[in-house]
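See below for input-v8.cif, which holds mmCIF, C-alpha atoms.
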```cif
data_structure
loop_
_atom_site.label_atom_id
_atom_site.label_comp_id
_atom_site.auth_asym_id
_atom_site.auth_seq_id
_atom_site.Cartn_x
_atom_site.Cartn_y
_atom_site.Cartn_z
CA MET A 70 122.51 88.47 95.95
CA SER A 71 120.33 86.39 93.69
CA ALA A 72 118.30 83.93 95.66
CA ASP A 73 119.76 80.46 95.79
CA MET A 74 118.02 78.61 92.99
CA THR A 75 118.21 75.37 94.92
CA GLU A 76 115.52 77.04 97.04
CA GLU A 77 111.97 76.39 95.98
CA TRP A 78 110.35 79.49 97.37
CA PRO A 79 110.87 81.80 94.35
CA GLU A 80 108.89 79.40 92.18
CA GLU A 81 106.30 79.03 94.94
CA ILE A 82 105.79 82.78 94.83
CA TYR A 83 105.38 82.73 91.06
CA GLY A 84 102.84 79.92 91.29
CA LEU A 85 100.80 81.75 93.94
CA LEU A 86 100.78 84.99 91.97
CA ARG A 87 99.63 83.24 88.80
CA GLU A 88 96.99 81.19 90.67
CA ALA A 89 95.63 84.50 91.94
CA GLY A 90 95.14 85.63 88.35
CA ILE A 91 97.96 88.16 88.31
CA ASP A 92 99.01 88.70 84.71
CA GLN A 93 100.85 92.01 84.73
CA PHE A 94 104.36 91.76 86.18
CA ALA A 95 106.05 95.15 86.38
CA PHE A 96 109.70 95.38 87.33
CA VAL A 97 112.99 97.16 87.18
CA PRO A 98 115.90 94.72 86.73
CA ASP A 99 116.84 93.33 90.13
CA ALA A 100 118.91 90.39 91.32
CA GLY A 101 116.59 89.69 94.26
CA HIS A 102 113.62 89.21 91.94
CA ASP A 103 115.62 87.47 89.24
CA HIS A 104 113.55 84.30 89.20
CA LEU A 105 110.16 86.05 89.09
CA ILE A 106 111.33 88.40 86.36
CA LYS A 107 112.68 85.59 84.18
CA ARG A 108 109.59 83.45 84.77
CA SER A 109 107.25 86.27 83.82
CA ILE A 110 109.22 87.09 80.67
CA ALA A 111 109.13 83.42 79.64
CA ASP A 112 105.41 83.02 80.39
CA PRO A 113 103.31 83.65 77.25
CA ASP A 114 100.19 84.22 79.37
CA VAL A 115 101.45 87.30 81.22
CA HIS A 116 102.62 90.80 80.40
CA ALA A 117 106.17 91.26 81.68
CA ILE A 118 106.70 95.02 81.71
CA ALA A 119 110.18 96.43 82.15
CA LEU A 120 109.94 99.89 83.70
CA THR A 121 112.40 102.77 83.55
CA THR A 122 111.54 103.76 87.11
CA GLU A 123 109.49 102.03 89.79
CA GLU A 124 106.87 104.75 89.96
CA GLU A 125 105.63 103.74 86.53
CA GLY A 126 104.63 100.45 88.14
CA VAL A 127 102.24 102.25 90.48
CA GLY A 128 100.39 103.80 87.55
CA LEU A 129 100.52 100.57 85.57
CA LEU A 130 98.93 98.51 88.34
CA ALA A 131 96.20 101.08 88.90
CA GLY A 132 95.48 100.97 85.17
CA ALA A 133 95.40 97.18 85.25
CA HIS A 134 92.76 97.27 87.98
CA LEU A 135 90.76 99.87 86.08
CA GLY A 136 90.65 97.39 83.21
CA GLY A 137 89.81 94.35 85.36
CA SER A 138 93.28 92.80 85.55
CA ARG A 139 95.67 92.16 88.40
CA GLY A 140 99.29 93.17 88.57
CA VAL A 141 102.28 93.02 90.87
CA LEU A 142 105.20 95.43 91.15
CA LEU A 143 108.59 93.81 91.78
CA MET A 144 111.13 96.27 93.08
CA GLN A 145 114.10 96.75 95.31
CA SER A 146 113.80 98.74 98.52
CA SER A 147 115.65 101.64 96.89
CA GLY A 148 112.83 101.88 94.35
CA VAL A 149 110.29 102.57 97.06
CA GLY A 150 111.63 106.09 97.35
CA ASN A 151 110.84 106.66 93.68
CA CYS A 152 107.18 105.73 94.16
CA ILE A 153 106.11 108.02 96.98
CA ASN A 154 104.10 110.70 95.21
CA LEU A 155 102.38 108.24 92.89
CA LEU A 156 101.22 106.20 95.88
CA SER A 157 98.75 109.06 96.34
CA LEU A 158 96.91 107.59 93.33
CA ILE A 159 96.53 104.28 95.19
CA ARG A 160 95.35 105.93 98.40
CA ALA A 161 93.07 108.53 96.80
CA GLY A 162 91.48 105.97 94.50
CA ARG A 163 91.49 103.10 97.00
CA PHE A 164 93.12 100.88 94.41
CA PRO A 165 94.31 97.39 95.32
CA PHE A 166 98.11 97.36 95.22
CA LEU A 167 100.59 94.53 95.64
CA THR A 168 104.33 95.01 95.60
CA LEU A 169 107.10 92.56 96.45
CA ILE A 170 110.21 94.33 97.66
CA SER A 171 113.66 92.78 97.73
CA MET A 172 115.49 94.42 100.61
CA ARG A 173 118.86 96.11 100.52
CA GLY A 174 120.31 98.09 103.39
CA ASP A 175 119.23 95.28 105.63
CA PHE A 176 120.67 92.18 107.37
CA GLY A 177 124.35 91.85 106.45
CA GLU A 178 124.48 94.78 103.98
CA GLY A 179 128.00 95.52 102.73
CA ASN A 180 127.28 98.79 100.92
CA PRO A 181 126.56 101.73 103.22
CA TRP A 182 124.88 103.66 100.37
CA GLN A 183 122.03 101.15 100.59
CA MET A 184 121.35 101.79 104.27
CA PRO A 185 119.37 105.07 104.18
CA MET A 186 116.63 103.80 101.85
CA GLY A 187 116.74 100.24 103.16
CA GLN A 188 116.20 101.35 106.73
CA SER A 189 113.46 103.83 105.80
CA THR A 190 111.58 101.53 103.41
CA GLN A 191 109.02 100.23 105.90
CA PRO A 192 108.36 103.54 107.74
CA VAL A 193 108.00 105.36 104.42
CA LEU A 194 105.56 102.80 103.04
CA GLU A 195 103.54 102.83 106.25
CA ALA A 196 103.42 106.61 106.19
CA CYS A 197 101.83 106.25 102.75
CA ASP A 198 99.23 103.79 104.09
CA VAL A 199 100.88 100.74 102.53
CA MET A 200 100.78 97.80 104.92
CA CYS A 201 104.06 95.90 105.19
CA MET A 202 104.53 92.17 105.71
CA ARG A 203 108.07 90.96 106.14
CA ILE A 204 109.55 87.57 105.24
CA ASP A 205 112.92 86.44 106.61
CA GLU A 206 112.50 82.65 106.55
CA PRO A 207 111.75 80.39 103.57
CA ALA A 208 109.13 78.59 105.66
CA ASP A 209 107.07 81.82 105.87
CA VAL A 210 107.03 82.54 102.15
CA SER A 211 103.90 80.73 100.99
CA ARG A 212 101.55 81.73 103.75
CA THR A 213 102.71 85.35 103.75
CA ILE A 214 102.41 85.72 99.97
CA SER A 215 98.97 84.07 100.09
CA ALA A 216 97.88 86.43 102.86
CA ALA A 217 99.19 89.43 100.94
CA ILE A 218 97.32 88.39 97.78
CA THR A 219 94.05 88.06 99.70
CA MET A 220 94.49 91.40 101.42
CA ALA A 221 95.48 93.19 98.22
CA PHE A 222 92.85 91.83 95.87
CA GLN A 223 89.97 90.76 98.09
CA SER A 224 90.17 93.50 100.70
CA GLU A 225 91.55 95.88 98.03
CA LEU A 226 94.30 97.22 100.25
CA PRO A 227 97.80 98.43 99.41
CA ILE A 228 100.20 95.71 100.54
CA ALA A 229 103.99 95.44 100.42
CA VAL A 230 105.80 92.19 101.10
CA LEU A 231 109.38 92.83 102.19
CA LEU A 232 111.75 90.01 101.30
CA GLY A 233 114.56 90.47 103.83
CA GLN A 234 118.23 89.92 103.20
CA LYS A 235 118.13 87.10 105.73
CA LEU A 236 115.93 85.33 103.18
CA LEU A 237 117.62 86.56 99.99
CA GLY A 238 121.21 86.63 101.20
CA ALA A 239 123.24 89.83 101.19
CA LYS A 240 125.03 90.85 98.01
CA LYS A 241 128.68 89.85 98.04
CA PHE A 242 131.29 92.59 97.50
CA SER A 243 134.83 91.38 96.86
CA MET B 72 90.17 130.01 90.88
CA THR B 73 88.36 130.38 87.56
CA ASP B 74 89.61 133.38 85.66
CA THR B 75 87.19 134.65 83.08
CA LYS B 76 89.52 137.17 81.46
CA PRO B 77 90.39 136.21 77.86
CA GLY B 78 93.32 133.82 78.12
CA GLY B 79 93.05 133.76 81.91
CA ARG B 80 96.42 133.60 83.60
CA ALA B 81 97.88 132.74 80.20
CA ALA B 82 97.18 136.24 78.87
CA GLY B 83 100.29 137.60 77.17
CA LYS B 84 102.15 134.26 77.16
CA THR B 85 103.35 132.88 73.84
CA ALA B 86 104.02 129.44 72.40
CA SER B 87 105.09 128.14 69.00
CA GLY B 88 101.74 126.35 68.50
CA HIS B 89 98.48 127.99 67.55
CA LEU B 90 95.87 125.21 67.71
CA ASP B 91 92.87 125.78 69.97
CA ARG B 92 93.43 123.08 72.59
CA ARG B 93 89.75 122.39 73.30
CA ALA B 94 88.87 122.13 69.61
CA ALA B 95 91.91 120.01 68.75
CA VAL B 96 91.34 117.48 71.54
CA LYS B 97 87.64 117.28 70.70
CA ALA B 98 88.40 116.63 67.03
CA LEU B 99 90.77 113.79 67.93
CA LEU B 100 88.38 112.21 70.46
CA ASP B 101 85.43 112.47 68.08
CA SER B 102 87.42 110.59 65.45
CA GLN B 103 88.01 107.56 67.68
CA GLY B 104 84.61 105.86 67.83
CA ASP B 105 82.63 104.69 70.83
CA ASP B 106 84.77 101.87 72.27
CA LEU B 107 87.17 104.37 73.79
CA LEU B 108 88.61 104.39 77.30
CA ILE B 109 90.35 107.55 78.41
CA VAL B 110 92.95 108.37 81.00
CA ALA B 111 93.10 112.12 81.39
CA GLY B 112 96.17 113.66 82.96
CA LEU B 113 95.78 116.35 85.54
CA ALA B 114 94.87 120.00 85.05
CA GLY B 115 94.50 121.34 81.50
CA ALA B 116 94.40 117.99 79.73
CA LYS B 117 91.57 116.76 81.93
CA GLY B 118 89.64 119.94 81.18
CA ASP B 119 90.04 119.36 77.45
CA VAL B 120 88.66 115.83 77.72
CA LEU B 121 85.73 116.87 79.91
CA ALA B 122 84.89 119.76 77.58
CA ALA B 123 84.82 117.35 74.64
CA LEU B 124 82.94 114.41 76.16
CA GLY B 125 81.27 115.64 79.32
CA ASP B 126 81.55 113.78 82.61
CA ASP B 127 81.57 110.33 81.02
CA PRO B 128 82.12 107.18 83.14
CA ARG B 129 84.81 105.95 80.77
CA ILE B 130 87.12 108.80 81.69
CA PHE B 131 89.53 108.38 84.56
CA GLY B 132 90.82 111.85 85.33
CA PHE B 133 93.72 112.74 87.58
CA GLY B 134 93.68 115.40 90.27
CA GLY B 135 97.26 114.75 91.38
CA ALA B 136 99.92 111.99 91.17
CA MET B 137 101.50 113.99 88.35
CA GLY B 138 103.37 111.79 85.92
CA ALA B 139 101.20 108.68 86.20
CA ALA B 140 98.70 109.13 83.37
CA THR B 141 100.73 107.37 80.68
CA SER B 142 101.72 104.38 82.82
CA MET B 143 98.11 104.02 83.94
CA GLY B 144 97.01 104.05 80.32
CA LEU B 145 99.53 101.31 79.56
CA GLY B 146 98.21 99.06 82.33
CA LEU B 147 94.66 99.68 81.14
CA ALA B 148 95.54 98.99 77.49
CA LEU B 149 97.17 95.67 78.41
CA ALA B 150 94.13 94.71 80.49
CA GLN B 151 91.64 95.64 77.75
CA PRO B 152 93.21 94.66 74.42
CA ASP B 153 89.89 94.87 72.58
CA LYS B 154 89.25 98.51 73.54
CA ARG B 155 91.00 101.65 72.39
CA VAL B 156 92.79 103.40 75.24
CA LEU B 157 93.74 107.03 74.90
CA VAL B 158 95.93 108.92 77.34
CA VAL B 159 95.48 112.68 77.12
CA THR B 160 98.20 114.50 78.99
CA GLY B 161 100.13 117.76 79.01
CA ASP B 162 103.73 118.57 78.21
CA GLY B 163 104.53 119.22 81.87
CA GLU B 164 103.17 115.91 83.06
CA LEU B 165 104.80 113.93 80.26
CA LEU B 166 108.17 115.58 80.91
CA MET B 167 107.94 114.55 84.55
CA ASN B 168 108.00 110.85 83.67
CA VAL B 169 109.26 110.94 80.12
CA GLY B 170 110.90 107.52 80.54
CA THR B 171 107.41 106.04 80.37
CA LEU B 172 107.56 106.67 76.62
CA ALA B 173 110.33 104.06 76.50
CA THR B 174 108.25 101.65 78.59
CA VAL B 175 105.38 102.13 76.13
CA GLY B 176 107.73 101.81 73.15
CA VAL B 177 108.92 98.43 74.39
CA ALA B 178 105.52 97.04 75.46
CA ASN B 179 103.94 98.61 72.35
CA PRO B 180 100.26 97.64 72.71
CA ALA B 181 98.44 98.50 69.47
CA ASN B 182 95.38 99.76 71.34
CA LEU B 183 97.23 102.53 73.20
CA GLY B 184 97.38 106.11 71.99
CA ILE B 185 98.99 109.04 73.76
CA VAL B 186 97.90 112.58 72.99
CA CYS B 187 100.12 115.28 74.46
CA VAL B 188 98.56 118.73 74.58
CA ASP B 189 101.69 120.86 74.37
CA ASN B 190 101.22 124.52 75.26
CA GLU B 191 104.88 124.84 76.28
CA HIS B 192 103.84 126.00 79.74
CA TYR B 193 102.98 124.74 83.22
CA GLY B 194 99.46 126.13 83.30
CA GLU B 195 98.40 124.93 86.71
CA THR B 196 101.23 126.64 88.54
CA GLY B 197 100.90 129.97 86.77
CA PHE B 198 102.06 129.42 83.20
CA GLN B 199 105.79 129.14 83.66
CA ARG B 200 107.54 128.14 80.45
CA SER B 201 108.23 124.38 80.14
CA HIS B 202 111.16 122.64 78.47
CA THR B 203 109.10 122.21 75.30
CA GLY B 204 109.11 125.98 74.88
CA LEU B 205 112.87 125.99 75.23
CA GLY B 206 113.86 123.40 72.64
CA THR B 207 112.69 120.00 73.89
CA ASP B 208 110.64 118.10 71.31
CA LEU B 209 108.46 115.40 72.86
CA ALA B 210 107.59 113.89 69.46
CA THR B 211 111.27 113.29 68.76
CA MET B 212 111.59 111.78 72.23
CA ALA B 213 108.61 109.51 71.60
CA GLN B 214 110.19 108.38 68.35
CA GLY B 215 113.51 107.81 70.07
CA ALA B 216 111.70 105.83 72.75
CA GLY B 217 110.66 103.34 70.08
CA ILE B 218 107.07 104.42 69.47
CA GLY B 219 106.55 103.76 65.78
CA ALA B 220 103.54 105.94 64.99
CA VAL B 221 104.25 109.57 65.90
CA ARG B 222 102.76 112.79 64.57
CA THR B 223 103.20 116.44 65.45
CA VAL B 224 100.05 118.38 64.65
CA ARG B 225 100.38 122.11 64.12
CA GLU B 226 97.42 122.76 61.82
CA GLU B 227 93.76 121.83 62.14
CA SER B 228 93.97 120.26 58.69
CA GLU B 229 96.38 117.65 60.11
CA LEU B 230 94.03 116.44 62.85
CA ALA B 231 92.07 113.97 60.73
CA GLU B 232 95.17 112.09 59.64
CA ALA B 233 96.48 112.02 63.23
CA GLY B 234 93.14 110.64 64.43
CA GLU B 235 93.28 107.99 61.74
CA MET B 236 96.79 107.02 62.83
CA LEU B 237 95.69 106.72 66.47
CA ARG B 238 92.87 104.40 65.46
CA GLN B 239 94.66 102.28 62.87
CA SER B 240 98.22 102.00 64.11
CA ASN B 241 99.47 98.46 64.64
CA GLY B 242 101.55 99.59 67.60
CA SER B 243 101.27 102.31 70.23
CA ALA B 244 100.82 105.79 68.79
CA PHE B 245 101.75 109.29 69.92
CA VAL B 246 100.30 112.62 68.83
CA LEU B 247 101.82 115.93 69.88
CA LEU B 248 99.33 118.78 69.63
CA LYS B 249 101.10 122.13 69.43
CA VAL B 250 98.47 124.42 70.95
CA GLU B 251 98.34 128.09 71.80
CA VAL B 252 98.73 129.20 75.41
CA ASP B 253 95.28 129.68 76.80
CA GLU B 254 93.44 129.12 80.02
CA PRO B 255 89.91 128.03 79.17
CA PRO B 256 87.39 128.12 82.03
CA LYS B 257 87.81 125.23 84.45
CA ILE B 258 85.28 122.41 84.41
CA ARG B 259 84.08 121.00 87.67
CA PHE B 260 84.99 117.35 88.21
CA SER B 261 84.72 115.41 91.46
CA TRP B 262 88.04 115.06 93.30
CA ASP B 263 86.99 111.61 94.50
CA ALA B 264 89.28 109.22 92.65
CA ALA B 265 87.64 106.15 94.20
CA PHE B 266 84.28 107.30 92.83
CA HIS B 267 85.75 107.68 89.36
CA LYS B 268 87.50 104.32 89.57
CA ASN B 269 84.32 102.54 90.66
CA ARG B 270 82.19 104.29 88.08
CA PHE B 271 84.69 103.47 85.33
CA ARG B 272 84.81 99.80 86.31
CA GLN B 273 81.04 99.60 86.62
CA ALA B 274 80.65 100.92 83.07
CA LEU B 275 83.41 98.75 81.63
CA LEU B 276 83.19 95.55 83.66
CA GLY B 277 79.71 95.66 85.17
CA GLN B 278 81.13 95.75 88.70
CA PRO B 279 82.90 98.40 90.77
#
```
Would you write the structure of this file as structure tokens?
Amino acid sequence: MSADMTEEWPEEIYGLLREAGIDQFAFVPDAGHDHLIKRSIADPDVHAIALTTEEEGVGLLAGAHLGGSRGVLLMQSSGVGNCINLLSLIRAGRFPFLTLISMRGDFGEGNPWQMPMGQSTQPVLEACDVMCMRIDEPADVSRTISAAITMAFQSELPIAVLLGQKLLGAKKFS
Amino acid sequence: MTDTKPGGRAAGKTASGHLDRRAAVKALLDSQGDDLLIVAGLAGAKGDVLAALGDDPRIFGFGGAMGAATSMGLGLALAQPDKRVLVVTGDGELLMNVGTLATVGVANPANLGIVCVDNEHYGETGFQRSHTGLGTDLATMAQGAGIGAVRTVREESELAEAGEMLRQSNGSAFVLLKVEVDEPPKIRFSWDAAFHKNRFRQALLGQP
């Protein structure tokens, strides 16, 4: 379900994140975030950190803020479930937190195993005080990402941007 | 909560290590110089750091979110390459997110050290035996995770060399302290993580 690379929005996102001074990109390999992951790995000015589980990204980003840097956690909706307890660090410490979530278990999903976490991603995040902003259309990408960056790093709030399968395309199963 | 009996709730429990945890952590911290930033994992490890340094603004101590100390130290080390960052954590917490050792091994910042205070027990929950008391060796796991500088310290006489390695290593370093099972008196520390975060940033960056 990698995003169509004829689309410009993945690079727009990368540009906005870098303009905002984000230089720690934490991720678990994911087709939906393929472009951002490759761009961050190829960018000598950022730390591209491959995680073994998404929850490490929560700690990493809090540590980045403690040291005066900005980070973003790129994960799939299924990874949200792995982060729950560590989100207590973000809430207890009132840390800024920005995560971009590529959705599974969403519009056009062909694998029923993805549905439980996909459908509970937003309620679970909101229960943990993470505000969710959803993008389903390419035209909404720039302004939503810009808004999320401002809210995360200026207002110092925990923000999740959900990239829907209407935007990403559903994974094809033959 | 504080138990003043010798050994506290740990009385009668046994481990393979015999270092005094408070003395061993203090010796390592004292060997690191002044430009040190510390992430202290929850419970016993945080107590060891506070006993050694007092309530210093350059300590971020956990009261929960078990398993996050090492990843937080990594983010901090990457953000502050000119400072030494030390994560002090326990065997229970490290076991909970042991994959983070691999994440550290791959990122490998030279200014990051991890000190694991291994008493082979889950002290906070009543001193149940942990995996490290039943055969798991976290130093071997750290080595297998790709961390190049790894030491297991069993004797006080080995602390100086381990401290030197933490300071001089050209990649991330890991020290396993095999300590006796003990429950030293608890040290009061504010539960307000936002206060600690702001105080830490004020001291380091000049702004909260």
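Every protein or nucleic acid residue with an atom no more than 8 Å from Ser243 in chain B, counting all atoms listed in the file and leaving out same-chain residues fewer than 5 positions away, appears here: Val175, Gly176, Asn179, Pro180, Ala181, Asn182, Leu183, Gly184, Ile185, Ile218, Gly219 and Ala220 of chain B.
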I'd like the neighbourhood of Arg203 in chain A as a list in words, where a residue qualifies if any of its atoms comes within 10 Å (using only C-alpha atoms), though same-chain residues fewer than 5 positions away should be ignored. Leu169, Ile170, Met172, Gln191, Asp209, Val210, Thr213, Ile214, Ala229, Val230, Leu231, Leu232 and Gly233 of chain A
Counting all atoms listed in the file, the option among A:Asp112, A:Asp175, A:Asp99, A:Asp205 closest to Leu143 in chain A: A:Asp99
Which protein, DNA or RNA residues have an atom at most 12 Å from (100.7, 100.4, 85.0), counting only C-alpha atoms? List them as a ChimeraX atom specification. /A:92-96,116-120,122-136,138-142,155,158-159,166 /B:110,138-150,171,174-175,178
When the PyMOL selection byres ((chain B and resi 159) around 10) is applied to the file above, which residues end up in the set, as an NGL selection string? :B and (96 or 100 or 109-113 or 115-117 or 119-120 or 132 or 140-141 or 144 or 156-158 or 160-161 or 165 or 184-188 or 246)
In terms of only C-alpha atoms, the residue from B:Leu172, B:Val250, B:Ile258, B:Ala210 at minimal distance from chain A is B:Leu172
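Ranking B:Ala95, B:Ala136, B:Leu209, B:Ala86 by their shortest atom-to-atom distance to chain A, with only C-alpha atoms included, puts B:Ala136 first.
Atom pair CA of Asp153 in chain B / CA of Met236 in chain B has a distance of 17.0 Å (rounded to one decimal).
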Please expand the PyMOL selection byres ((chain B and resi 82-84) around 12) into the concrete residues it hits in this file, giving the result as a count of residues only. 28
If the PyMOL selection byres ((chain A and resi 104) around 9) were run on this exact file, what residues would it hold? Put them as a ChimeraX atom specification. /A:71-72,74,79-80,83,100-103,105-109
Using C-alpha atoms, can you export the residues from the last selection as a PDB file, in the frame of the given file?
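Below you can see out-v9.pdb, which holds the result:
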```
ATOM      1  CA  SER A  71     120.330  86.390  93.690  1.00  0.00           C
ATOM      2  CA  ALA A  72     118.300  83.930  95.660  1.00  0.00           C
ATOM      3  CA  MET A  74     118.020  78.610  92.990  1.00  0.00           C
ATOM      4  CA  PRO A  79     110.870  81.800  94.350  1.00  0.00           C
ATOM      5  CA  GLU A  80     108.890  79.400  92.180  1.00  0.00           C
ATOM      6  CA  TYR A  83     105.380  82.730  91.060  1.00  0.00           C
ATOM      7  CA  ALA A 100     118.910  90.390  91.320  1.00  0.00           C
ATOM      8  CA  GLY A 101     116.590  89.690  94.260  1.00  0.00           C
ATOM      9  CA  HIS A 102     113.620  89.210  91.940  1.00  0.00           C
ATOM     10  CA  ASP A 103     115.620  87.470  89.240  1.00  0.00           C
ATOM     11  CA  LEU A 105     110.160  86.050  89.090  1.00  0.00           C
ATOM     12  CA  ILE A 106     111.330  88.400  86.360  1.00  0.00           C
ATOM     13  CA  LYS A 107     112.680  85.590  84.180  1.00  0.00           C
ATOM     14  CA  ARG A 108     109.590  83.450  84.770  1.00  0.00           C
ATOM     15  CA  SER A 109     107.250  86.270  83.820  1.00  0.00           C
TER      16      SER A 109
END
```
CA of Lys241 in chain A sits from CA of Val193 in chain A at a separation of 26.6 Å
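Using all atoms listed in the file, the residues found no farther than 10 Å from range 177-184 of chain A, other than those of its own chain fewer than 4 positions away, are Ser146, Ser147, Met172, Arg173, Gln188, Ser189, Thr190, Gln234, Lys235, Gly238, Ala239, Lys240, Lys241, Phe242 and Ser243 of chain A.
Proximity ranking of B:Leu275, B:Leu108, B:Ala114, B:Ala94 relative to Lys257 in chain B places B:Ala114 first, based on only C-alpha atoms.
For the set B:Ile130, B:Leu90, B:Ala265, B:Ala98, the residue with the smallest atom-to-atom gap to Gly234 in chain B is B:Ala98, counting only C-alpha atoms.
Among the candidates B:Ser240, B:Gln214, B:Asn168, B:Gln103, the one nearest to chain A when counting all atoms listed in the file is B:Asn168.
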Expressed in Å, the length from CA of Thr168 in chain A to CA of Lys268 in chain B is 20.2 Å
